[in-house]
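Reproduced below: coords.txt, with compact mmCIF, C-alpha atoms.
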# COMPACT_ATOMS: atom_id res chain seq x y z
CA MET B 880 137.96 35.06 10.79
CA ASN B 881 140.93 34.75 8.45
CA MET B 882 141.99 38.32 7.83
CA ASP B 883 144.77 39.49 10.13
CA LEU B 884 143.36 42.69 11.60
CA LYS B 885 146.19 43.18 14.05
CA GLY B 886 147.78 46.59 13.62
CA LYS B 887 145.01 48.05 11.51
CA VAL B 888 143.51 51.36 12.62
CA ALA B 889 139.81 51.93 13.16
CA LEU B 890 137.83 55.06 13.91
CA VAL B 891 134.57 54.58 15.81
CA THR B 892 132.47 57.74 15.95
CA GLY B 893 130.50 58.03 19.16
CA GLY B 894 132.75 55.31 20.49
CA SER B 895 132.73 56.15 24.19
CA ARG B 896 129.30 54.80 25.18
CA GLY B 897 126.56 52.35 24.24
CA LEU B 898 126.82 50.70 20.86
CA GLY B 899 129.98 52.56 19.88
CA ARG B 900 131.71 51.43 23.05
CA GLY B 901 130.72 47.81 22.38
CA ILE B 902 132.12 47.98 18.88
CA ALA B 903 135.34 49.66 20.04
CA LEU B 904 135.94 46.96 22.65
CA ALA B 905 135.32 44.16 20.14
CA LEU B 906 137.70 45.68 17.59
CA SER B 907 140.44 46.07 20.17
CA LYS B 908 140.25 42.37 21.04
CA GLU B 909 141.24 41.64 17.43
CA GLY B 910 144.39 43.70 17.84
CA ILE B 911 142.99 46.71 16.00
CA LYS B 912 144.19 50.14 17.13
CA VAL B 913 140.97 51.95 18.02
CA VAL B 914 140.35 55.68 17.84
CA VAL B 915 137.42 56.44 20.12
CA ASN B 916 135.70 59.58 18.91
CA TYR B 917 133.40 61.44 21.29
CA CYS B 918 131.86 64.88 21.63
CA HIS B 919 130.88 65.61 25.24
CA ASP B 920 131.64 63.01 27.89
CA ASP B 921 135.37 63.07 28.71
CA GLU B 922 134.97 60.55 31.52
CA ALA B 923 133.15 57.99 29.36
CA ALA B 924 135.84 58.26 26.67
CA ALA B 925 138.57 57.82 29.26
CA ARG B 926 136.82 54.74 30.71
CA THR B 927 136.49 53.11 27.30
CA VAL B 928 140.10 53.78 26.37
CA GLY B 929 141.21 52.64 29.81
CA GLU B 930 139.33 49.37 29.45
CA ILE B 931 141.09 48.72 26.15
CA THR B 932 144.59 49.65 27.27
CA LYS B 933 144.17 47.62 30.48
CA GLU B 934 144.07 44.55 28.23
CA GLY B 935 147.34 45.56 26.60
CA LYS B 936 145.70 46.89 23.44
CA GLU B 937 146.09 50.32 21.87
CA ALA B 938 143.43 53.04 21.86
CA LEU B 939 143.22 56.78 21.54
CA SER B 940 140.32 59.12 22.33
CA VAL B 941 139.76 62.18 20.15
CA LYS B 942 137.13 64.78 20.96
CA ALA B 943 135.36 66.11 17.88
CA ASP B 944 131.85 67.06 16.83
CA VAL B 945 131.39 65.03 13.64
CA THR B 946 128.45 67.19 12.56
CA LYS B 947 131.00 69.92 11.83
CA PRO B 948 133.16 69.37 8.72
CA GLU B 949 136.08 71.38 10.09
CA GLU B 950 136.24 69.24 13.23
CA VAL B 951 136.06 66.06 11.16
CA GLU B 952 139.04 67.25 9.13
CA LYS B 953 141.04 67.82 12.32
CA LEU B 954 139.97 64.40 13.64
CA ILE B 955 141.19 62.59 10.54
CA GLU B 956 144.39 64.65 10.48
CA THR B 957 145.06 63.65 14.10
CA ILE B 958 144.73 59.99 13.14
CA LYS B 959 147.06 60.43 10.16
CA GLU B 960 149.67 62.12 12.32
CA LYS B 961 149.45 59.44 15.02
CA TYR B 962 149.24 56.28 12.90
CA GLY B 963 149.84 57.26 9.28
CA ARG B 964 146.83 55.21 8.18
CA LEU B 965 143.11 54.59 8.64
CA ASP B 966 141.75 51.21 7.59
CA ILE B 967 138.31 51.01 9.17
CA LEU B 968 135.61 53.61 9.70
CA ILE B 969 132.54 52.89 11.82
CA ASN B 970 130.00 55.69 11.42
CA ASN B 971 128.03 55.15 14.61
CA VAL B 972 127.00 58.63 15.79
CA GLY B 973 123.29 59.37 15.72
CA GLN B 974 121.00 61.41 17.96
CA PHE B 975 117.40 60.31 18.48
CA LEU B 976 114.36 62.52 18.99
CA TYR B 977 110.73 61.53 19.59
CA LYS B 978 108.55 64.49 18.63
CA LYS B 979 105.70 65.50 16.34
CA ILE B 980 106.62 67.33 13.14
CA ALA B 981 104.49 70.31 14.18
CA ASP B 982 106.47 70.62 17.40
CA LEU B 983 109.93 70.29 15.85
CA SER B 984 112.12 73.36 15.79
CA VAL B 985 114.36 74.08 12.81
CA ASN B 986 117.40 73.51 15.04
CA GLU B 987 116.09 70.12 16.18
CA TRP B 988 115.41 69.04 12.60
CA GLN B 989 118.88 70.06 11.49
CA ALA B 990 120.56 68.44 14.50
CA ILE B 991 119.00 65.03 13.80
CA ILE B 992 119.78 65.13 10.08
CA GLU B 993 123.33 66.35 10.69
CA SER B 994 124.01 63.79 13.41
CA ASN B 995 122.62 60.72 11.66
CA LEU B 996 123.30 61.44 7.97
CA SER B 997 125.62 64.37 7.32
CA SER B 998 128.21 63.06 9.79
CA VAL B 999 128.44 59.88 7.72
CA PHE B 1000 129.24 61.95 4.63
CA TYR B 1001 131.75 64.20 6.39
CA CYS B 1002 133.71 61.35 7.99
CA THR B 1003 133.64 59.08 4.95
CA LYS B 1004 134.71 61.85 2.58
CA CYS B 1005 137.77 62.59 4.72
CA ALA B 1006 138.68 58.94 5.30
CA LEU B 1007 138.35 57.68 1.71
CA PRO B 1008 141.52 59.26 0.26
CA ILE B 1009 143.61 57.48 2.92
CA MET B 1010 141.93 54.13 2.26
CA GLU B 1011 142.12 54.45 -1.51
CA LYS B 1012 145.81 55.28 -1.33
CA GLU B 1013 146.42 52.07 0.66
CA GLY B 1014 144.13 50.04 -1.61
CA PHE B 1015 142.16 48.82 1.39
CA GLY B 1016 139.30 50.15 3.46
CA ARG B 1017 136.19 49.08 5.33
CA VAL B 1018 133.39 51.56 5.93
CA ILE B 1019 130.50 50.37 8.10
CA ASN B 1020 127.55 52.67 8.70
CA ILE B 1021 124.89 52.25 11.38
CA SER B 1022 121.25 52.67 10.35
CA VAL B 1023 118.18 51.19 12.07
CA ALA B 1024 115.98 48.16 11.48
CA ARG B 1025 113.32 48.98 8.84
CA GLY B 1026 115.47 51.87 7.60
CA GLU B 1027 115.84 50.19 4.21
CA LEU B 1028 112.02 50.12 3.84
CA ILE B 1029 111.65 53.91 4.16
CA TYR B 1030 109.36 53.02 7.03
CA ALA B 1031 107.04 55.83 8.13
CA LYS B 1032 106.89 55.93 11.91
CA PRO B 1033 105.14 58.85 13.62
CA MET B 1034 107.13 61.07 15.97
CA THR B 1035 110.54 60.12 14.51
CA THR B 1036 110.40 61.77 11.08
CA PRO B 1037 113.87 63.37 10.78
CA TYR B 1038 115.52 60.33 12.38
CA SER B 1039 113.75 57.92 10.01
CA ILE B 1040 114.60 60.06 6.97
CA ALA B 1041 118.26 60.26 7.99
CA LYS B 1042 118.62 56.53 8.70
CA SER B 1043 116.98 55.61 5.38
CA GLY B 1044 119.39 58.04 3.75
CA VAL B 1045 122.31 56.20 5.34
CA VAL B 1046 121.24 53.00 3.56
CA LEU B 1047 121.04 54.77 0.19
CA PHE B 1048 124.36 56.54 0.80
CA THR B 1049 125.97 53.17 1.55
CA LYS B 1050 124.73 51.54 -1.65
CA SER B 1051 125.70 54.50 -3.83
CA LEU B 1052 129.21 54.80 -2.40
CA ALA B 1053 129.79 51.04 -2.56
CA LYS B 1054 129.49 51.18 -6.34
CA GLU B 1055 131.96 54.04 -6.55
CA VAL B 1056 134.83 52.61 -4.51
CA PHE B 1057 134.81 48.81 -4.70
CA ASP B 1058 137.42 48.72 -7.46
CA LYS B 1059 139.69 50.74 -5.14
CA GLY B 1060 139.72 48.06 -2.46
CA VAL B 1061 137.11 49.67 -0.24
CA THR B 1062 133.86 48.02 0.85
CA VAL B 1063 130.94 49.98 2.26
CA ASN B 1064 128.16 48.29 4.20
CA VAL B 1065 125.46 49.16 6.69
CA ILE B 1066 124.29 47.43 9.86
CA SER B 1067 120.75 48.11 11.03
CA PRO B 1068 120.16 47.31 14.71
CA GLY B 1069 116.83 46.81 16.41
CA THR B 1070 116.30 48.14 19.93
CA ILE B 1071 119.64 48.10 21.70
CA ASP B 1072 120.16 47.06 25.30
CA LYS B 1073 122.61 49.74 26.42
CA ARG B 1074 122.96 48.52 29.99
CA GLU B 1075 126.58 48.01 30.97
CA LYS B 1076 125.44 45.86 33.93
CA LYS B 1077 122.46 43.50 34.07
CA GLU B 1078 121.12 45.23 37.18
CA ASP B 1079 121.04 48.62 35.42
CA LYS B 1080 117.60 50.00 34.55
CA LEU B 1081 116.28 49.56 31.01
CA GLU B 1082 115.54 52.92 29.41
CA ASN B 1083 113.64 54.06 26.29
CA VAL B 1084 112.43 50.57 25.36
CA PRO B 1085 109.15 50.45 23.36
CA LYS B 1086 106.28 48.58 25.02
CA ASP B 1087 105.99 46.12 22.11
CA ILE B 1088 109.61 44.94 22.51
CA SER B 1089 110.28 41.97 24.76
CA GLU B 1090 113.51 41.88 26.72
CA GLY B 1091 114.53 38.79 24.75
CA SER B 1092 114.38 40.78 21.50
CA LEU B 1093 116.76 43.45 22.73
CA VAL B 1094 120.09 43.47 20.92
CA LYS B 1095 123.31 43.80 22.88
CA PRO B 1096 126.14 46.00 21.54
CA ALA B 1097 128.39 42.91 21.47
CA GLU B 1098 125.95 41.25 19.06
CA ILE B 1099 126.13 44.21 16.70
CA ALA B 1100 129.91 44.08 17.06
CA GLU B 1101 129.86 40.46 15.82
CA ALA B 1102 128.25 41.65 12.59
CA VAL B 1103 130.92 44.35 12.31
CA LEU B 1104 133.68 41.76 12.72
CA PHE B 1105 132.10 39.58 10.05
CA LEU B 1106 132.15 42.47 7.57
CA LEU B 1107 135.84 42.98 8.37
CA SER B 1108 136.68 39.34 7.72
CA ASP B 1109 137.94 37.64 4.57
CA LYS B 1110 134.55 35.95 4.26
CA ALA B 1111 133.01 39.35 3.55
CA SER B 1112 135.66 40.64 1.13
CA LYS B 1113 133.16 40.66 -1.75
CA ILE B 1114 130.24 41.93 0.31
CA THR B 1115 129.58 45.61 -0.32
CA GLY B 1116 126.51 47.81 -0.49
CA THR B 1117 124.72 45.36 1.78
CA ASN B 1118 122.46 45.99 4.76
CA ILE B 1119 122.68 43.50 7.63
CA THR B 1120 119.77 43.75 10.07
CA VAL B 1121 120.38 42.60 13.64
CA SER B 1122 117.06 43.08 15.39
CA GLY B 1123 115.89 39.96 17.21
CA GLY B 1124 112.93 39.94 14.82
CA TRP B 1125 111.72 43.41 15.81
CA ASN B 1126 111.52 44.56 12.18
CA LEU B 1127 109.50 41.59 10.88

Reformat the file's structure so that it appears as structure tokens.
Amino acid sequence: MNMDLKGKVALVTGGSRGLGRGIALALSKEGIKVVVNYCHDDEAAARTVGEITKEGKEALSVKADVTKPEEVEKLIETIKEKYGRLDILINNVGQFLYKKIADLSVNEWQAIIESNLSSVFYCTKCALPIMEKEGFGRVINISVARGELIYAKPMTTPYSIAKSGVVLFTKSLAKEVFDKGVTVNVISPGTIDKREKKEDKLENVPKDISEGSLVKPAEIAEAVLFLLSDKASKITGTNITVSGGWNL
């Protein structure tokens, strides 16, 4: 990786646990100042920030519900006040729900769409002016394997619609902002192994997925780091699938 990322500032939404935590830790190892966004779990955010600062790196946790535009505005303003810049945005937040359409409430539908798709719009819209002013920015959105195929999977309708929308949003925005020094890409994970320790119990893993096909957060983070590197400076509007073959 040629690009010197040291001193750059990254926002990772949903950065306190699971995939977001893995990405936040990987970015910090490159000398990036990481803003760990979270919504509910104060302790998890504190642990993630503590793990980063223990290594002599810089991190900040900011509580904000990124499904609410007004809270996103305050989140971005906090980053501007603290660092005066924002170079990297990782749109990672995304609730999951397994339920038949007939059983979905209006609130549940809206929550899944807002969490997985609208939050990407809200955060990106607020971050872009800062990036464009600096002439540099990297936006990386998280979708799901098969999301680019508009894959119809029963019981996950709003989630699938939102994640497919993330891919289309990424491609559309990439065309708009590349000449301003900003690249926009999407990473689509397969089933993620969220265990922090090997002895922890596997949860919510489909029966047709072997343990060897599970993707670790650190492996998704490697794809993120590639998209931040000089080697990817001309890559934009692209979807990188990291799935262990689950989507084939």

Given the choices B:Leu890, B:Val1056, B:Ile1066, B:Ile955, which gets closest to B:Leu906 if the distance is worked out from only C-alpha atoms?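 Once distances to B:Leu906 are computed over only C-alpha atoms, the minimum belongs to B:Leu890.
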
Quick one, how far is atom CA of B:Ala925 from atom CA of B:Asn1064?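 Here the two named atoms are 28.8 Å from each other.
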
Please, which residues in stretch 940-984 of chain B fall within 9 Å of stretch 1029-1044 of chain B when counting only C-alpha atoms, and what is the closest atom pair and distance in Å to one decimal for each, ordered by chain then residue number, as JSON lines?
{"residue": "B:Gly973", "atom": "CA", "partner": "B:Tyr1038", "partner_atom": "CA", "distance": 8.5}
{"residue": "B:Gln974", "atom": "CA", "partner": "B:Tyr1038", "partner_atom": "CA", "distance": 7.9}
{"residue": "B:Phe975", "atom": "CA", "partner": "B:Tyr1038", "partner_atom": "CA", "distance": 6.4}
{"residue": "B:Leu976", "atom": "CA", "partner": "B:Thr1035", "partner_atom": "CA", "distance": 6.4}
{"residue": "B:Tyr977", "atom": "CA", "partner": "B:Met1034", "partner_atom": "CA", "distance": 5.1}
{"residue": "B:Lys978", "atom": "CA", "partner": "B:Met1034", "partner_atom": "CA", "distance": 4.6}
{"residue": "B:Lys979", "atom": "CA", "partner": "B:Met1034", "partner_atom": "CA", "distance": 4.7}
{"residue": "B:Ile980", "atom": "CA", "partner": "B:Met1034", "partner_atom": "CA", "distance": 6.9}

Since we have the selection now, will you write its residues out, keeping C-alpha atoms, as an mmCIF file, in the coordinates of the input?
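Final output, out-v3.cif:
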data_model
loop_
_atom_site.group_PDB
_atom_site.id
_atom_site.type_symbol
_atom_site.label_atom_id
_atom_site.label_comp_id
_atom_site.auth_asym_id
_atom_site.auth_seq_id
_atom_site.Cartn_x
_atom_site.Cartn_y
_atom_site.Cartn_z
ATOM 1 C CA GLY B 973 123.290 59.370 15.720
ATOM 2 C CA GLN B 974 121.000 61.410 17.960
ATOM 3 C CA PHE B 975 117.400 60.310 18.480
ATOM 4 C CA LEU B 976 114.360 62.520 18.990
ATOM 5 C CA TYR B 977 110.730 61.530 19.590
ATOM 6 C CA LYS B 978 108.550 64.490 18.630
ATOM 7 C CA LYS B 979 105.700 65.500 16.340
ATOM 8 C CA ILE B 980 106.620 67.330 13.140
#

Restrict the calculation to only C-alpha atoms, then for each residue of stretch 941-1058 of chain B with any atom at most 10 Å from an atom of stretch 1089-1103 of chain B give the closest atom pair and their distance in Å to one decimal, rows by chain and rising residue number, as a Markdown table.
| residue | atom | partner | partner_atom | distance |
| --- | --- | --- | --- | --- |
| B:Ile969 | CA | B:Val1103 | CA | 8.7 |
| B:Arg1017 | CA | B:Val1103 | CA | 9.9 |
| B:Val1018 | CA | B:Val1103 | CA | 9.9 |
| B:Ile1019 | CA | B:Val1103 | CA | 7.4 |
| B:Asn1020 | CA | B:Val1103 | CA | 9.7 |
| B:Ile1021 | CA | B:Ile1099 | CA | 9.7 |

Let me see the file: selected residues, C-alpha atoms, as an mmCIF file, in the frame of the given file.
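Now in result-v3.cif:
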data_model
loop_
_atom_site.group_PDB
_atom_site.id
_atom_site.type_symbol
_atom_site.label_atom_id
_atom_site.label_comp_id
_atom_site.auth_asym_id
_atom_site.auth_seq_id
_atom_site.Cartn_x
_atom_site.Cartn_y
_atom_site.Cartn_z
ATOM 1 C CA ILE B 969 132.540 52.890 11.820
ATOM 2 C CA ARG B 1017 136.190 49.080 5.330
ATOM 3 C CA VAL B 1018 133.390 51.560 5.930
ATOM 4 C CA ILE B 1019 130.500 50.370 8.100
ATOM 5 C CA ASN B 1020 127.550 52.670 8.700
ATOM 6 C CA ILE B 1021 124.890 52.250 11.380
#

Take atom CA of B:Ser1112 and atom CA of B:Val928 and report the distance between them in Å, one decimal.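 Atom CA of B:Ser1112 sits 28.8 Å away from atom CA of B:Val928.
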
Quick one: of B:Ala938, B:Leu965, B:Leu1028, B:Leu884, who's nearest to B:Val1061, counting all atoms listed in the file?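 Looking only at the distances to B:Val1061, the closest residue turns out to be B:Leu965.
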
Taking all atoms of stretch 947-953 of chain B that the file lists, what box with edges along x, y and z, padded by 4 Å per side, do you get, with centre and edge lengths in Å to one decimal, as JSON?
{"center_x": 136.0, "center_y": 68.7, "center_z": 11.0, "size_x": 18.0, "size_y": 13.3, "size_z": 12.5}

Atomic separation - atom CA of B:Asp944 relative to atom CA of B:Glu993, Å: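 For atom CA of B:Glu993 relative to atom CA of B:Asp944, the distance reads 10.5 Å.
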
May I have the residues within 10 Å of B:Lys947 as a count of residues only, using all atoms listed in the file and disregarding those fewer than 4 positions away in the same chain? 9

Which polymer residues have any atom within 7 Å of an atom of stretch 1045-1049 of chain B, counting only C-alpha atoms, with same-chain residues fewer than 4 positions away left out, as a PyMOL selection string? chain B and resi 996+1022+1027+1041+1053+1063-1065+1116

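The nearest approach to B:Lys908 among the residues B:Lys936, B:Asp883, B:Asp921, B:Pro948, with all atoms listed in the file taken into account, belongs to B:Lys936.
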
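Residues in contact with B:Ile958 at up to 10 Å, not including ones fewer than 3 positions away on its chain and judged by only C-alpha atoms, are Val888, Ala889, Leu890, Val914, Leu939, Val941, Lys953, Leu954, Ile955, Lys961, Tyr962, Gly963, Arg964, Leu965 and Ala1006 of chain B.
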
With C-alpha atoms retained, write the just-selected residues as a compact mmCIF listing (two decimals), keeping the file's coordinate frame.
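Heads up, here's the output in part06.txt:
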# COMPACT_ATOMS: atom_id res chain seq x y z
CA VAL B 888 143.51 51.36 12.62
CA ALA B 889 139.81 51.93 13.16
CA LEU B 890 137.83 55.06 13.91
CA VAL B 914 140.35 55.68 17.84
CA LEU B 939 143.22 56.78 21.54
CA VAL B 941 139.76 62.18 20.15
CA LYS B 953 141.04 67.82 12.32
CA LEU B 954 139.97 64.40 13.64
CA ILE B 955 141.19 62.59 10.54
CA LYS B 961 149.45 59.44 15.02
CA TYR B 962 149.24 56.28 12.90
CA GLY B 963 149.84 57.26 9.28
CA ARG B 964 146.83 55.21 8.18
CA LEU B 965 143.11 54.59 8.64
CA ALA B 1006 138.68 58.94 5.30

May I ask which of the residues B:Arg900, B:Ile992, B:Glu1011, B:Glu934 is the closest one to B:Glu1055, counting all atoms listed in the file? B:Glu1011

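Each of B:Gly899, B:Pro1008, B:Gly1123, B:Gly886 was checked against B:Glu956 using all atoms listed in the file; the smallest atom-to-atom distance is that of B:Pro1008.
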
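Among the candidates B:Ala1024, B:Glu909, B:Gly1060, B:Asp920, the residue lying nearest to B:Lys1113 is B:Gly1060 (atoms considered: only C-alpha atoms).
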